[in-house]
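> Dropping a structure here in structure tokens format, bear with me for questions.
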Amino acid sequence: MVMDQINDRSFYHEMTSPEDARTMNRIKKLTSVNADSLTDKEIDYLNNFEMKSSNFYGLPKIHKSKEIQHGIQAKNATYVKLPQPGDLKLRPIVAGPACPTHRLSNLLDIILKPLCKLVPSYIRDDINFLNYIPDSVDANTKLISFDVTSLYTNIPHDVGMESITYWIEKHRDEIPSRFTKDFIIDGLKLVLENDHFFFDNKYFLQIKGTAMGTKVAPTYATLFMGYLEEKLFSRTEDLFDANFGNCIRKNWKRCLDDCFIFWNRSLDDLNKFHDLLNGLHTSIQFTMEQSEKELPFLDILIIKEDNRITTDLFYKSTDTHQYLIFSSCHPSHTKRNIPFNLARRICTIVSDQHRREKRLKELKYFLLKQNYPVNLIDAATNRKKGNTATGT
């Protein structure tokens with residue numbers, strides 16, 4: 001399966017020899033040219049370390065395989081044995097914690113990350129998303145989610161550079177002045193264009209998109225999508241009207257490649273909007289899910305009951321709830337914090353009291369199966385329930 005993915009010449013190119021040494025020389029040249037704006041500590045950090053080639057692996061997307069889901073449901077068991085599912089896809093990961101560009105990528109991430117919060121659609125995670133969920137909506141409102149297909153590997157380098165330039169120029173005061181735009185853009189090009197990795201005794205180069213594994217990738221993807229969304233807001237105004245364009249700008253929310261909106265216009269307008277999304281760039285395509293009753297987004301299940309909106313915890317069908325077993329050799333404080341943190345998550349996300357009680361009972365069952373002491377579980381859930389009651 002991995003070789004099928006790597007053999008796609010639209011994304012990967014086989015190299016005749018390793019390029020790590022050449023890449024390291026390019027980084028040293030970059031730091032030399034920008035020596036006046038970098039500290040000695042930063043130059044040493046970028047240039048002096050024991051480097052190692054990146055490795056490639058595929059992370060199975062088991063939650064998206066219908067064959068695996070059906071196998072689990074049919075067996076009703078935690079473990080099932082299946083032949084290789086025909087619909088199983090892999091998430092490509094380039095693991096390079098000591099590759100030549102990993103430290104440069106980390107520095108660029110530190111520099112650019114403050115810009116993410118200035119993207120109108122930006123949400124940090126599911127907990128942050130709760131702040132944007134209304135208590136009530138119109139009766140005809142639909143729940144709509146969009147997902148970008150293979151975002152990381154489909155970001156064209158040229159448009160990616162345009163997007164970073166756009167956000168730097170728009171919010172220059174958010175970045176320390178000593179880091180010039182040229183340094184950031186040249187550094188990012190170096191990271192993107194030197195994504196080499198080793199697999200099956202061969203060396204490869206990713207020639208399109210960004211590797212899932214390099215530190216700056218989530219920030220880069222967030223800013224790229226934010227740049228496309230600026231076009232989306234403008235085109236929405238042109239296709240519909242200014243008021244609706246402003247509504248989309250305010251209510252369209254996104255966490256990396258996952259998007260959500262409460263939709264109160266016609267299905268015909270929704271399809272036009274979907275076409276508008278898919279027309280932003282040929283490489284970037286959106287799939288859509290819709291419901292009038294309930295829809296998962298990240299780890300949240302958004303439920304519409306008449307005009308009222310409530311939230312519940314969402315578990316993927318392949319989630320077996322096999323938390324760290326209590327007899328593990330992990331530090332005691334780690335194991336003791338697990339029940340509290342899981343209970344806190346339930347009490348934060350689940351808005352309805354009856355559902356919350358149900359989820360806490362389920363959690364107790366899951367943790368007892370992992371041999372957690374009942375008094376530890378009860379103390380954690382009671383403590384968190386008390387905090388919820390007092391609003392903390």
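Each chain of the structure tokens is named A, B, ... in the order shown, its residues numbered from 1; ligands are numbered from 1 in display order.
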Kindly provide the residues of region 74-139 of chain A that approach region 206-215 of chain A to within 7 Å, each paired with its closest atom pair and their distance in Å to one decimal, based on only C-alpha atoms, listed by chain and increasing number, as a Markdown table.

```
| residue | atom | partner | partner_atom | distance |
| --- | --- | --- | --- | --- |
| A:Pro92 | CA | A:Met212 | CA | 6.7 |
| A:Ile93 | CA | A:Met212 | CA | 5.1 |
| A:Val94 | CA | A:Gly213 | CA | 5.2 |
| A:Ala95 | CA | A:Gly213 | CA | 5.5 |
| A:His102 | CA | A:Thr214 | CA | 6.4 |
| A:Ser105 | CA | A:Lys215 | CA | 5.5 |
| A:Asn106 | CA | A:Lys215 | CA | 5.3 |
| A:Asp109 | CA | A:Lys215 | CA | 6.5 |
```
> When distances are computed from only C-alpha atoms, which of A:Leu368, A:Met3, A:Asn251, A:Phe129 shows the smallest separation from Ile300 (chain A)?
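Ranking A:Leu368, A:Met3, A:Asn251, A:Phe129 by distance to Ile300 (chain A), first place goes to A:Phe129.
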> Extract, using only C-alpha atoms, all DNA, RNA and protein residues at most 9 Å from Leu232 (chain A), discarding same-chain residues fewer than 5 positions from it, and format them as a PyMOL selection string.
chain A and resi 227+237+245+248-249+276-277+280
> May I ask for the distance between CA of Tyr323 (chain A) and CA of Asn371 (chain A), given in Å to one decimal place?
10.2 Å
> Could you tell me which of A:Asn307, A:Asn341, A:Asp4, A:Ile377 comes closest to Phe326 (chain A) if we count only C-alpha atoms?
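Of the candidates, the smallest distance to Phe326 (chain A) is held by A:Ile377.
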> Excluding region 139-149 of chain A and residues on its chain fewer than 2 positions from it, collect all residues at most 8 Å away from it, counting only C-alpha atoms, and give them as a list in words.
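Here the qualifying residues turn out to be Val137, Leu151, Asp257, Asp258, Cys259, Phe260, Ile261, Phe262, Trp263, Asn264, Arg265, Ile284, Gln285, Phe286, Thr287, Met288, Glu289, Gln290, Ser291, Glu292, Lys293, Glu294, Leu295, Phe297, Asp306 and Asn307 of chain A.
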> Just to confirm, what's the straight-line distance from CA of Leu256 (chain A) to CA of Met225 (chain A) in Å (one decimal)?
7.8 Å
> So, with only C-alpha atoms as the atoms that count, which of A:Arg178, A:Ala98, A:Leu118, A:Ile155 lies closest to Thr39 (chain A)?
A:Arg178
> Enumerate as a PyMOL selection string all residues of region 19-225 of chain A assigned to strand (DSSP E) by DSSP on the backbone, naming them with the chain letters and numbers the document uses.
chain A and resi 55-60+90-95+142-148+196-199+202-206
> Suppose you want the space between CA of Ala217 (chain A) and CA of Gly187 (chain A); what is it in Å?
13.2 Å
> Using backbone DSSP assignments, extract all helix (DSSP H, G or I) residues from region 65-205 of chain A; output them as a ChimeraX atom specification.
/A:66-75,102-116,126-132,152-154,157-170,172-174,181-193
